[in-house]
>>> print(open('structure-v9.json').read())   # JSON, C-alpha atoms
[["chain", "number", "residue", "atom", "x", "y", "z"],
["X", 1, "MET", "CA", -23.76, 15.71, 2.96],
["X", 2, "GLY", "CA", -25.79, 12.53, 2.50],
["X", 3, "GLU", "CA", -26.12, 9.65, 4.93],
["X", 4, "LYS", "CA", -26.12, 6.88, 2.34],
["X", 5, "PHE", "CA", -24.36, 5.93, -0.88],
["X", 6, "LYS", "CA", -25.61, 7.28, -4.21],
["X", 7, "PHE", "CA", -24.61, 5.60, -7.49],
["X", 8, "ALA", "CA", -24.85, 6.77, -11.10],
["X", 9, "ILE", "CA", -23.89, 3.98, -13.50],
["X", 10, "ASP", "CA", -23.36, 3.67, -17.25],
["X", 11, "ARG", "CA", -23.29, -0.02, -18.12],
["X", 12, "GLY", "CA", -21.90, -0.24, -21.67],
["X", 13, "GLY", "CA", -21.07, -3.21, -23.81],
["X", 14, "THR", "CA", -17.33, -3.02, -23.08],
["X", 15, "PHE", "CA", -16.89, -0.87, -19.98],
["X", 16, "THR", "CA", -19.03, 0.05, -16.99],
["X", 17, "ASP", "CA", -18.47, 3.52, -15.51],
["X", 18, "VAL", "CA", -19.60, 4.30, -11.98],
["X", 19, "PHE", "CA", -19.89, 7.66, -10.24],
["X", 20, "ALA", "CA", -20.56, 7.37, -6.51],
["X", 21, "ILE", "CA", -21.22, 9.88, -3.74],
["X", 22, "CYS", "CA", -20.30, 8.39, -0.37],
["X", 23, "PRO", "CA", -22.03, 9.20, 2.95],
["X", 24, "SER", "CA", -19.03, 11.39, 3.88],
["X", 25, "GLY", "CA", -19.50, 13.43, 0.72],
["X", 26, "LYS", "CA", -16.47, 11.87, -0.94],
["X", 27, "VAL", "CA", -16.78, 11.21, -4.66],
["X", 28, "ARG", "CA", -15.61, 7.88, -6.08],
["X", 29, "VAL", "CA", -15.21, 7.02, -9.76],
["X", 30, "LEU", "CA", -14.67, 3.44, -10.90],
["X", 31, "LYS", "CA", -14.32, 1.80, -14.32],
["X", 32, "LEU", "CA", -14.71, -1.95, -14.84],
["X", 33, "LEU", "CA", -15.01, -4.34, -17.75],
["X", 34, "SER", "CA", -18.70, -5.04, -18.31],
["X", 35, "VAL", "CA", -17.98, -8.74, -18.76],
["X", 36, "ASP", "CA", -15.33, -10.45, -16.65],
["X", 37, "GLU", "CA", -14.94, -13.97, -15.32],
["X", 38, "SER", "CA", -14.13, -12.74, -11.82],
["X", 39, "TYR", "CA", -17.63, -11.31, -11.19],
["X", 40, "VAL", "CA", -21.21, -11.87, -12.32],
["X", 41, "ASP", "CA", -22.33, -8.31, -12.96],
["X", 42, "ALA", "CA", -20.14, -5.19, -13.38],
["X", 43, "PRO", "CA", -22.46, -2.55, -11.80],
["X", 44, "ARG", "CA", -23.08, -4.84, -8.84],
["X", 45, "GLU", "CA", -19.34, -5.48, -8.47],
["X", 46, "ALA", "CA", -18.54, -1.76, -8.56],
["X", 47, "ILE", "CA", -21.11, -1.07, -5.84],
["X", 48, "ARG", "CA", -19.70, -3.91, -3.73],
["X", 49, "ARG", "CA", -16.13, -2.65, -4.03],
["X", 50, "ILE", "CA", -16.95, 0.97, -3.20],
["X", 51, "ILE", "CA", -19.12, 0.12, -0.18],
["X", 52, "SER", "CA", -16.51, -2.34, 1.12],
["X", 53, "GLU", "CA", -13.64, 0.11, 0.72],
["X", 54, "GLU", "CA", -15.46, 3.09, 2.20],
["X", 55, "THR", "CA", -17.08, 1.34, 5.16],
["X", 56, "GLY", "CA", -14.33, -1.17, 5.94],
["X", 57, "ILE", "CA", -16.94, -3.94, 5.97],
["X", 58, "THR", "CA", -15.88, -6.88, 3.83],
["X", 59, "ILE", "CA", -18.48, -7.97, 1.30],
["X", 60, "GLY", "CA", -17.35, -11.04, -0.58],
["X", 61, "VAL", "CA", -17.82, -11.51, -4.31],
["X", 62, "GLY", "CA", -21.24, -13.04, -4.79],
["X", 63, "GLU", "CA", -22.48, -11.99, -1.34],
["X", 64, "SER", "CA", -25.73, -10.08, -1.03],
["X", 65, "ILE", "CA", -25.31, -6.31, -0.71],
["X", 66, "ASP", "CA", -27.34, -4.61, 2.02],
["X", 67, "THR", "CA", -29.47, -1.92, 0.35],
["X", 68, "LYS", "CA", -29.98, -0.08, 3.64],
["X", 69, "GLN", "CA", -26.68, 1.63, 2.89],
["X", 70, "ILE", "CA", -27.85, 2.81, -0.55],
["X", 71, "GLU", "CA", -30.03, 5.88, -1.04],
["X", 72, "TRP", "CA", -30.43, 5.48, -4.78],
["X", 73, "ILE", "CA", -29.02, 3.95, -7.96],
["X", 74, "ARG", "CA", -29.45, 5.50, -11.41],
["X", 75, "MET", "CA", -28.40, 3.40, -14.37],
["X", 76, "GLY", "CA", -28.20, 3.60, -18.12],
["X", 77, "THR", "CA", -27.40, 0.43, -20.04],
["X", 78, "THR", "CA", -26.75, -0.73, -23.60],
["X", 79, "VAL", "CA", -28.11, -4.23, -22.94],
["X", 80, "ALA", "CA", -31.06, -3.63, -25.29],
["X", 81, "THR", "CA", -28.93, -1.69, -27.81],
["X", 82, "ASN", "CA", -26.40, -4.49, -28.20],
["X", 83, "ALA", "CA", -29.08, -7.20, -28.29],
["X", 84, "LEU", "CA", -30.78, -5.36, -31.17],
["X", 85, "LEU", "CA", -27.57, -4.68, -33.12],
["X", 86, "GLU", "CA", -26.27, -8.21, -32.69],
["X", 87, "ARG", "CA", -29.72, -9.80, -33.15],
["X", 88, "ARG", "CA", -29.56, -11.61, -29.81],
["X", 89, "GLY", "CA", -33.11, -10.81, -28.76],
["X", 90, "GLU", "CA", -35.93, -13.18, -27.88],
["X", 91, "PRO", "CA", -37.54, -15.16, -30.75],
["X", 92, "ILE", "CA", -40.95, -13.58, -31.32],
["X", 93, "ALA", "CA", -44.13, -14.01, -33.33],
["X", 94, "LEU", "CA", -46.19, -11.22, -34.89],
["X", 95, "VAL", "CA", -49.97, -11.28, -34.46],
["X", 96, "ILE", "CA", -51.71, -9.12, -37.08],
["X", 97, "ASN", "CA", -54.95, -8.85, -39.07],
["X", 98, "ARG", "CA", -55.45, -11.40, -41.81],
["X", 99, "GLY", "CA", -54.16, -10.13, -45.13],
["X", 100, "PHE", "CA", -51.54, -7.87, -43.53],
["X", 101, "ARG", "CA", -48.81, -10.41, -42.70],
["X", 102, "ASP", "CA", -46.29, -8.60, -44.95],
["X", 103, "LEU", "CA", -47.21, -5.08, -43.84],
["X", 104, "LEU", "CA", -44.12, -4.47, -41.71],
["X", 105, "TYR", "CA", -41.87, -5.97, -44.39],
["X", 106, "ILE", "CA", -43.36, -3.66, -47.03],
["X", 107, "GLY", "CA", -43.19, -0.73, -44.61],
["X", 108, "ASN", "CA", -43.45, 2.77, -46.05],
["X", 109, "GLN", "CA", -41.35, 5.21, -48.09],
["X", 110, "THR", "CA", -39.05, 6.07, -45.17],
["X", 111, "ARG", "CA", -35.45, 5.38, -46.24],
["X", 112, "PRO", "CA", -32.15, 7.31, -46.32],
["X", 113, "ASP", "CA", -32.17, 7.81, -50.10],
["X", 114, "ILE", "CA", -35.64, 7.87, -51.61],
["X", 115, "PHE", "CA", -34.28, 7.62, -55.19],
["X", 116, "ASP", "CA", -32.00, 4.65, -54.52],
["X", 117, "VAL", "CA", -33.01, 1.84, -56.89],
["X", 118, "GLU", "CA", -31.36, -0.81, -54.72],
["X", 119, "ILE", "CA", -33.40, -0.83, -51.54],
["X", 120, "ARG", "CA", -32.15, -2.93, -48.66],
["X", 121, "SER", "CA", -35.00, -3.76, -46.33],
["X", 122, "PRO", "CA", -34.13, -4.10, -42.64],
["X", 123, "GLU", "CA", -34.10, -7.60, -41.23],
["X", 124, "LEU", "CA", -37.41, -8.50, -39.59],
["X", 125, "LEU", "CA", -37.38, -9.24, -35.87],
["X", 126, "TYR", "CA", -40.19, -11.82, -35.90],
["X", 127, "SER", "CA", -39.85, -15.40, -37.12],
["X", 128, "GLU", "CA", -43.53, -16.41, -37.14],
["X", 129, "VAL", "CA", -46.75, -14.64, -38.15],
["X", 130, "ILE", "CA", -50.27, -15.32, -36.89],
["X", 131, "GLU", "CA", -53.07, -13.77, -38.95],
["X", 132, "VAL", "CA", -56.21, -12.92, -36.97],
["X", 133, "ASP", "CA", -59.67, -13.11, -38.51],
["X", 134, "CYS", "CA", -60.97, -9.74, -37.35],
["X", 135, "ARG", "CA", -61.63, -6.45, -39.08],
["X", 136, "VAL", "CA", -62.40, -3.03, -37.63],
["X", 137, "ILE", "CA", -63.01, -0.02, -39.87],
["X", 138, "THR", "CA", -63.61, 3.64, -39.13],
["X", 139, "LYS", "CA", -67.19, 4.90, -39.26],
["X", 140, "GLN", "CA", -67.57, 7.67, -41.85],
["X", 141, "ASP", "CA", -70.81, 9.67, -41.69],
["X", 142, "SER", "CA", -70.22, 10.89, -45.23],
["X", 143, "SER", "CA", -69.92, 7.35, -46.61],
["X", 144, "THR", "CA", -72.75, 6.14, -48.85],
["X", 145, "LEU", "CA", -71.91, 2.49, -48.19],
["X", 146, "THR", "CA", -73.95, 0.47, -45.73],
["X", 147, "ILE", "CA", -71.49, -1.57, -43.68],
["X", 148, "PRO", "CA", -73.00, -4.10, -41.26],
["X", 149, "GLY", "CA", -71.51, -4.50, -37.81],
["X", 150, "GLU", "CA", -71.51, -3.21, -34.26],
["X", 151, "VAL", "CA", -70.63, 0.47, -33.84],
["X", 152, "VAL", "CA", -68.25, 1.13, -30.94],
["X", 153, "THR", "CA", -66.41, 4.18, -29.61],
["X", 154, "GLY", "CA", -62.66, 4.05, -29.13],
["X", 155, "THR", "CA", -60.48, 5.68, -26.51],
["X", 156, "THR", "CA", -60.00, 8.69, -28.81],
["X", 157, "ARG", "CA", -63.80, 9.14, -29.07],
["X", 158, "GLU", "CA", -63.71, 8.00, -32.70],
["X", 159, "GLU", "CA", -66.42, 5.62, -33.87],
["X", 160, "PHE", "CA", -65.56, 2.26, -35.42],
["X", 161, "ILE", "CA", -67.51, -0.57, -36.99],
["X", 162, "ILE", "CA", -66.61, -4.13, -35.98],
["X", 163, "GLN", "CA", -67.15, -5.76, -39.34],
["X", 164, "GLU", "CA", -65.69, -9.09, -38.21],
["X", 165, "ASP", "CA", -64.99, -10.12, -34.62],
["X", 166, "ILE", "CA", -62.13, -12.35, -33.48],
["X", 167, "ASN", "CA", -62.49, -16.08, -34.06],
["X", 168, "ILE", "CA", -61.27, -17.20, -30.63],
["X", 169, "ASP", "CA", -61.07, -20.93, -31.40],
["X", 170, "THR", "CA", -58.95, -20.45, -34.53],
["X", 171, "LEU", "CA", -56.74, -17.89, -32.81],
["X", 172, "LYS", "CA", -56.19, -20.16, -29.81],
["X", 173, "GLN", "CA", -55.16, -23.04, -32.07],
["X", 174, "ASN", "CA", -52.69, -20.81, -33.95],
["X", 175, "LEU", "CA", -51.21, -19.46, -30.72],
["X", 176, "ILE", "CA", -50.72, -22.97, -29.36],
["X", 177, "GLU", "CA", -48.93, -24.01, -32.57],
["X", 178, "VAL", "CA", -46.49, -21.11, -32.21],
["X", 179, "PHE", "CA", -46.08, -21.77, -28.49],
["X", 180, "ASN", "CA", -45.18, -25.40, -29.23],
["X", 181, "LYS", "CA", -42.38, -24.16, -31.52],
["X", 182, "GLY", "CA", -40.71, -22.63, -28.47],
["X", 183, "ILE", "CA", -41.72, -19.00, -28.95],
["X", 184, "ARG", "CA", -42.66, -17.24, -25.71],
["X", 185, "SER", "CA", -42.87, -13.59, -26.77],
["X", 186, "LEU", "CA", -45.55, -11.95, -28.93],
["X", 187, "ALA", "CA", -46.01, -8.61, -30.68],
["X", 188, "VAL", "CA", -49.71, -7.92, -31.23],
["X", 189, "VAL", "CA", -50.48, -5.29, -33.88],
["X", 190, "LEU", "CA", -54.02, -4.71, -35.15],
["X", 191, "LEU", "CA", -55.53, -2.04, -37.39],
["X", 192, "HIS", "CA", -56.95, 0.97, -35.49],
["X", 193, "SER", "CA", -55.87, -0.46, -32.12],
["X", 194, "TYR", "CA", -54.44, 2.94, -31.16],
["X", 195, "SER", "CA", -58.06, 3.71, -30.25],
["X", 196, "MET", "CA", -59.93, 0.41, -30.52],
["X", 197, "THR", "CA", -57.86, -1.54, -27.96],
["X", 198, "GLN", "CA", -60.29, -4.31, -27.05],
["X", 199, "HIS", "CA", -59.22, -6.90, -29.63],
["X", 200, "GLU", "CA", -55.53, -6.64, -28.77],
["X", 201, "GLU", "CA", -56.38, -6.99, -25.08],
["X", 202, "VAL", "CA", -58.46, -10.11, -25.78],
["X", 203, "ILE", "CA", -55.51, -11.62, -27.67],
["X", 204, "GLY", "CA", -53.18, -10.66, -24.82],
["X", 205, "ARG", "CA", -55.29, -12.41, -22.20],
["X", 206, "LEU", "CA", -55.64, -15.52, -24.34],
["X", 207, "ALA", "CA", -51.88, -15.67, -24.98],
["X", 208, "GLU", "CA", -51.17, -15.21, -21.28],
["X", 209, "ASP", "CA", -53.47, -18.12, -20.42],
["X", 210, "ILE", "CA", -51.60, -20.31, -22.93],
["X", 211, "GLY", "CA", -48.29, -19.49, -21.24],
["X", 212, "PHE", "CA", -46.58, -16.75, -23.25],
["X", 213, "THR", "CA", -44.25, -14.91, -20.88],
["X", 214, "ASN", "CA", -44.05, -11.59, -22.75],
["X", 215, "ILE", "CA", -46.88, -10.01, -24.75],
["X", 216, "SER", "CA", -46.32, -6.57, -26.27],
["X", 217, "LEU", "CA", -49.62, -4.98, -27.31],
["X", 218, "SER", "CA", -49.06, -2.10, -29.72],
["X", 219, "SER", "CA", -52.03, -0.28, -28.17],
["X", 220, "HIS", "CA", -50.16, -0.24, -24.85],
["X", 221, "VAL", "CA", -46.57, 0.07, -26.06],
["X", 222, "MET", "CA", -47.09, 2.92, -28.54],
["X", 223, "PRO", "CA", -50.73, 3.96, -29.10],
["X", 224, "MET", "CA", -50.15, 5.99, -32.26],
["X", 225, "ILE", "CA", -52.37, 6.24, -35.33],
["X", 226, "ARG", "CA", -49.94, 4.80, -37.92],
["X", 227, "ILE", "CA", -49.77, 1.02, -37.83],
["X", 228, "VAL", "CA", -46.33, 0.61, -39.48],
["X", 229, "PRO", "CA", -44.25, 2.52, -36.89],
["X", 230, "ARG", "CA", -46.55, 1.25, -34.14],
["X", 231, "GLY", "CA", -45.96, -2.30, -35.35],
["X", 232, "HIS", "CA", -42.18, -1.90, -35.54],
["X", 233, "THR", "CA", -42.14, -0.48, -32.01],
["X", 234, "ALA", "CA", -44.23, -3.37, -30.66],
["X", 235, "CYS", "CA", -41.90, -5.88, -32.35],
["X", 236, "ALA", "CA", -38.82, -4.20, -30.87],
["X", 237, "ASP", "CA", -40.48, -4.27, -27.46],
["X", 238, "ALA", "CA", -41.34, -7.97, -27.72],
["X", 239, "TYR", "CA", -37.84, -8.75, -29.03],
["X", 240, "LEU", "CA", -35.90, -6.85, -26.34],
["X", 241, "THR", "CA", -38.03, -6.79, -23.18],
["X", 242, "PRO", "CA", -37.17, -10.39, -22.18],
["X", 243, "CYS", "CA", -33.45, -9.47, -22.43],
["X", 244, "ILE", "CA", -34.00, -6.42, -20.22],
["X", 245, "LYS", "CA", -36.02, -8.37, -17.67],
["X", 246, "GLU", "CA", -33.37, -11.09, -17.54],
["X", 247, "TYR", "CA", -30.63, -8.52, -16.91],
["X", 248, "ILE", "CA", -32.63, -6.71, -14.21],
["X", 249, "LYS", "CA", -33.39, -10.02, -12.52],
["X", 250, "GLY", "CA", -29.68, -10.90, -12.40],
["X", 251, "PHE", "CA", -28.70, -7.44, -11.17],
["X", 252, "ALA", "CA", -31.35, -7.36, -8.42],
["X", 253, "ALA", "CA", -30.38, -10.86, -7.24],
["X", 254, "GLY", "CA", -27.18, -9.44, -5.72],
["X", 255, "PHE", "CA", -28.99, -7.19, -3.24],
["X", 256, "SER", "CA", -30.89, -7.91, -0.05],
["X", 257, "ASP", "CA", -33.98, -5.89, -1.00],
["X", 258, "LEU", "CA", -33.68, -3.82, -4.16],
["X", 259, "ASN", "CA", -37.17, -2.37, -4.27],
["X", 260, "GLN", "CA", -38.32, -0.04, -7.01],
["X", 261, "SER", "CA", -37.80, 3.09, -4.94],
["X", 262, "ASN", "CA", -34.03, 2.45, -4.77],
["X", 263, "ILE", "CA", -33.18, 2.17, -8.46],
["X", 264, "LEU", "CA", -34.24, 3.97, -11.61],
["X", 265, "PHE", "CA", -33.18, 3.15, -15.18],
["X", 266, "MET", "CA", -32.63, 5.74, -17.89],
["X", 267, "GLN", "CA", -34.94, 5.42, -20.88],
["X", 268, "SER", "CA", -34.26, 6.36, -24.49],
["X", 269, "ASP", "CA", -35.93, 9.75, -23.96],
["X", 270, "GLY", "CA", -33.61, 10.57, -21.06],
["X", 271, "GLY", "CA", -36.29, 10.09, -18.44],
["X", 272, "LEU", "CA", -36.01, 7.71, -15.50],
["X", 273, "THR", "CA", -38.28, 4.78, -14.73],
["X", 274, "PRO", "CA", -38.52, 2.12, -11.99],
["X", 275, "MET", "CA", -37.38, -1.42, -12.77],
["X", 276, "GLY", "CA", -40.90, -2.59, -13.53],
["X", 277, "GLY", "CA", -41.39, 0.08, -16.19],
["X", 278, "PHE", "CA", -38.10, -0.47, -18.01],
["X", 279, "THR", "CA", -39.07, -2.22, -21.25],
["X", 280, "GLY", "CA", -37.35, -3.09, -24.52],
["X", 281, "CYS", "CA", -38.61, -0.32, -26.80],
["X", 282, "ARG", "CA", -37.75, 2.33, -24.20],
["X", 283, "ALA", "CA", -34.28, 0.95, -23.52],
["X", 284, "ILE", "CA", -32.72, 1.03, -27.00],
["X", 285, "LEU", "CA", -30.96, 4.38, -26.38],
["X", 286, "SER", "CA", -30.64, 4.01, -22.60],
["X", 287, "GLY", "CA", -26.86, 3.66, -22.60],
["X", 288, "PRO", "CA", -25.70, 5.80, -25.57]]
>>> encode(input="structure-v9.json", output="structure tokens")
Amino acid sequence: MGEKFKFAIDRGGTFTDVFAICPSGKVRVLKLLSVDESYVDAPREAIRRIISEETGITIGVGESIDTKQIEWIRMGTTVATNALLERRGEPIALVINRGFRDLLYIGNQTRPDIFDVEIRSPELLYSEVIEVDCRVITKQDSSTLTIPGEVVTGTTREEFIIQEDINIDTLKQNLIEVFNKGIRSLAVVLLHSYSMTQHEEVIGRLAEDIGFTNISLSSHVMPMIRIVPRGHTACADAYLTPCIKEYIKGFAAGFSDLNQSNILFMQSDGGLTPMGGFTGCRAILSGP
């Protein structure tokens, strides 16, 4: 028998289902509309109702809930899923090597019917593209070509040649132009950044100084060798993470002190993560 309330919540697009274990050991189940004019947030409202009814202490709608009575909260949500399906994510810009602006549009041969002559390409998530003047290539000992540039070792112990470094002044000007258009979220995708992370990190710091509020570096989001799926994942993260952060901020605002040890969100892989680690690309299958 526990001493505090425990909540398991599935926050869907239409309904929110709550399973609660009370301090007495009693089990409560509650189903609410996820969106209703009578309350701000369905999971928060369900928690308020159950604690009020079980303790006899009146907690008004909109009042802060004391987290001292809560042992833990586990939540899955379709906030990111619905934002992606309905295209209600954050406007984003793609930052990629010069000459590769159409890479994610071209994609690869992955499609349901490889012999279909009428191919429908998925809608792109980004609205602006910034091409970066930098080029990194893999160092091949068997190559007979002499390629000038600095030789560096990546995180995977592979060797790369920096044939062309980033032009900071040009990049800064391009970032400012996009920022002035109202875009605040970036997806940064560079060739070989799964191992050679430095250039993406330089871009990330520069963008942060300019004022971008969300910067998804593919080398951090999904450090995999293939740039096309890595790029799509980074774009999804940049597109959805602001939506997730906005929802978490609103949810946490209804509690006195909802620290990261009290609540964990379910990720697409079924694992749990604290609020700070719950990002867009890992939330797409959180609810379903």
>>> residues_around(input="structure-v9.json", residues="Ala234 (chain X)", least_positions_apart="5", cutoff="9 Å", atoms="only C-alpha atoms", output="NGL selection string")
:X and (186-189 or 216-222 or 229 or 239 or 281)
>>> write_last_selection(input="structure-v9.json", atoms="C-alpha atoms", output="tab-separated table (two decimals), keeping the file's coordinate frame")
chain	number	residue	atom	x	y	z
X	186	LEU	CA	-45.55	-11.95	-28.93
X	187	ALA	CA	-46.01	-8.61	-30.68
X	188	VAL	CA	-49.71	-7.92	-31.23
X	189	VAL	CA	-50.48	-5.29	-33.88
X	216	SER	CA	-46.32	-6.57	-26.27
X	217	LEU	CA	-49.62	-4.98	-27.31
X	218	SER	CA	-49.06	-2.10	-29.72
X	219	SER	CA	-52.03	-0.28	-28.17
X	220	HIS	CA	-50.16	-0.24	-24.85
X	221	VAL	CA	-46.57	0.07	-26.06
X	222	MET	CA	-47.09	2.92	-28.54
X	229	PRO	CA	-44.25	2.52	-36.89
X	239	TYR	CA	-37.84	-8.75	-29.03
X	281	CYS	CA	-38.61	-0.32	-26.80
>>> atom_distance(input="structure-v9.json", atom1="CA of Ser185 (chain X)", atom2="CA of Ile215 (chain X)")
5.7 Å
>>> atom_distance(input="structure-v9.json", atom1="CA of Arg282 (chain X)", atom2="CA of Leu125 (chain X)")
16.4 Å
>>> closest_residue(input="structure-v9.json", among="X:Val136, X:Ala283, X:Ile168, X:Val27", to="Ser193 (chain X)", atoms="all atoms listed in the file")
X:Val136
>>> closest_residue(input="structure-v9.json", among="X:Phe179, X:Phe255, X:Phe278, X:Phe7", to="Glu71 (chain X)", atoms="only C-alpha atoms")
X:Phe7
>>> residues_around(input="structure-v9.json", residues="Gly149 (chain X)", least_positions_apart="6", cutoff="7 Å", atoms="only C-alpha atoms", output="number ranges by chain")
X: 161-163
>>> atom_distance(input="structure-v9.json", atom1="CA of Lys6 (chain X)", atom2="CA of Ile21 (chain X)")
5.1 Å
>>> closest_residue(input="structure-v9.json", among="X:Asp141, X:Asp113, X:Glu90, X:Glu123", to="Pro242 (chain X)", atoms="all atoms listed in the file")
X:Glu90
>>> residues_around(input="structure-v9.json", residues="Ile176 (chain X)", least_positions_apart="4", cutoff="10 Å", atoms="only C-alpha atoms", output="JSON, numbers by chain")
{"X": [171, 172, 180, 181, 183, 207, 210, 211, 212]}
>>> residues_near_point(input="structure-v9.json", point="(-62.2, -1.7, -37.0)", cutoff="12 Å", atoms="only C-alpha atoms", output="PDB file with C-alpha atoms, in the frame of the given file")
ATOM      1  CA  ASN X  97     -54.950  -8.850 -39.070  1.00  0.00           C
ATOM      2  CA  ASP X 133     -59.670 -13.110 -38.510  1.00  0.00           C
ATOM      3  CA  CYS X 134     -60.970  -9.740 -37.350  1.00  0.00           C
ATOM      4  CA  ARG X 135     -61.630  -6.450 -39.080  1.00  0.00           C
ATOM      5  CA  VAL X 136     -62.400  -3.030 -37.630  1.00  0.00           C
ATOM      6  CA  ILE X 137     -63.010  -0.020 -39.870  1.00  0.00           C
ATOM      7  CA  THR X 138     -63.610   3.640 -39.130  1.00  0.00           C
ATOM      8  CA  LYS X 139     -67.190   4.900 -39.260  1.00  0.00           C
ATOM      9  CA  GLN X 140     -67.570   7.670 -41.850  1.00  0.00           C
ATOM     10  CA  ILE X 147     -71.490  -1.570 -43.680  1.00  0.00           C
ATOM     11  CA  PRO X 148     -73.000  -4.100 -41.260  1.00  0.00           C
ATOM     12  CA  GLY X 149     -71.510  -4.500 -37.810  1.00  0.00           C
ATOM     13  CA  GLU X 150     -71.510  -3.210 -34.260  1.00  0.00           C
ATOM     14  CA  VAL X 151     -70.630   0.470 -33.840  1.00  0.00           C
ATOM     15  CA  VAL X 152     -68.250   1.130 -30.940  1.00  0.00           C
ATOM     16  CA  THR X 153     -66.410   4.180 -29.610  1.00  0.00           C
ATOM     17  CA  GLY X 154     -62.660   4.050 -29.130  1.00  0.00           C
ATOM     18  CA  GLU X 158     -63.710   8.000 -32.700  1.00  0.00           C
ATOM     19  CA  GLU X 159     -66.420   5.620 -33.870  1.00  0.00           C
ATOM     20  CA  PHE X 160     -65.560   2.260 -35.420  1.00  0.00           C
ATOM     21  CA  ILE X 161     -67.510  -0.570 -36.990  1.00  0.00           C
ATOM     22  CA  ILE X 162     -66.610  -4.130 -35.980  1.00  0.00           C
ATOM     23  CA  GLN X 163     -67.150  -5.760 -39.340  1.00  0.00           C
ATOM     24  CA  GLU X 164     -65.690  -9.090 -38.210  1.00  0.00           C
ATOM     25  CA  ASP X 165     -64.990 -10.120 -34.620  1.00  0.00           C
ATOM     26  CA  ILE X 166     -62.130 -12.350 -33.480  1.00  0.00           C
ATOM     27  CA  LEU X 190     -54.020  -4.710 -35.150  1.00  0.00           C
ATOM     28  CA  LEU X 191     -55.530  -2.040 -37.390  1.00  0.00           C
ATOM     29  CA  HIS X 192     -56.950   0.970 -35.490  1.00  0.00           C
ATOM     30  CA  SER X 193     -55.870  -0.460 -32.120  1.00  0.00           C
ATOM     31  CA  TYR X 194     -54.440   2.940 -31.160  1.00  0.00           C
ATOM     32  CA  SER X 195     -58.060   3.710 -30.250  1.00  0.00           C
ATOM     33  CA  MET X 196     -59.930   0.410 -30.520  1.00  0.00           C
ATOM     34  CA  THR X 197     -57.860  -1.540 -27.960  1.00  0.00           C
ATOM     35  CA  GLN X 198     -60.290  -4.310 -27.050  1.00  0.00           C
ATOM     36  CA  HIS X 199     -59.220  -6.900 -29.630  1.00  0.00           C
ATOM     37  CA  GLU X 200     -55.530  -6.640 -28.770  1.00  0.00           C
TER      38      GLU X 200
END
>>> residues_around(input="structure-v9.json", residues="Arg88 (chain X)", least_positions_apart="4", cutoff="9 Å", atoms="only C-alpha atoms", output="VMD selection string")
chain X and resid 82 to 84 239 to 240 243
>>> closest_residue(input="structure-v9.json", among="X:Ser24, X:Gln267, X:Thr279, X:Ser142", to="Met75 (chain X)", atoms="all atoms listed in the file")
X:Gln267
>>> closest_residue(input="structure-v9.json", among="X:Arg111, X:Lys26, X:Lys68, X:Arg74", to="Pro43 (chain X)", atoms="all atoms listed in the file")
X:Arg74
>>> closest_residue(input="structure-v9.json", among="X:Val61, X:Val202, X:Val129, X:Met266", to="Arg98 (chain X)", atoms="all atoms listed in the file")
X:Val129
>>> decode(input="structure-v9.json", residues="region 30-41 of chain X", atoms="N, CA and C atoms", output="compact mmCIF listing (two decimals), in the first residue's frame")
# COMPACT_ATOMS: atom_id res chain seq x y z
N LEU X 30 -10.57 7.19 -14.65
CA LEU X 30 -11.33 8.37 -15.07
C LEU X 30 -11.07 8.64 -16.54
N LYS X 31 -12.14 9.04 -17.25
CA LYS X 31 -12.04 9.35 -18.68
C LYS X 31 -12.60 10.75 -18.90
N LEU X 32 -11.82 11.62 -19.54
CA LEU X 32 -12.24 12.99 -19.80
C LEU X 32 -12.00 13.33 -21.27
N LEU X 33 -12.73 14.32 -21.75
CA LEU X 33 -12.42 14.88 -23.07
C LEU X 33 -11.07 15.58 -22.98
N SER X 34 -10.22 15.38 -23.98
CA SER X 34 -8.89 16.00 -23.94
C SER X 34 -8.96 17.52 -24.09
N VAL X 35 -9.99 18.00 -24.77
CA VAL X 35 -10.18 19.44 -24.93
C VAL X 35 -11.60 19.78 -24.48
N ASP X 36 -11.69 20.66 -23.50
CA ASP X 36 -12.99 21.07 -22.97
C ASP X 36 -12.88 22.49 -22.43
N GLU X 37 -13.90 23.26 -22.62
CA GLU X 37 -13.87 24.67 -22.19
C GLU X 37 -13.84 24.83 -20.67
N SER X 38 -14.25 23.80 -19.94
CA SER X 38 -14.36 23.92 -18.49
C SER X 38 -13.03 23.74 -17.77
N TYR X 39 -11.98 23.28 -18.48
CA TYR X 39 -10.66 23.15 -17.85
C TYR X 39 -9.57 23.37 -18.89
N VAL X 40 -8.37 23.68 -18.38
CA VAL X 40 -7.25 24.02 -19.26
C VAL X 40 -6.59 22.78 -19.84
N ASP X 41 -6.37 21.78 -18.99
CA ASP X 41 -5.62 20.60 -19.40
C ASP X 41 -6.28 19.36 -18.81
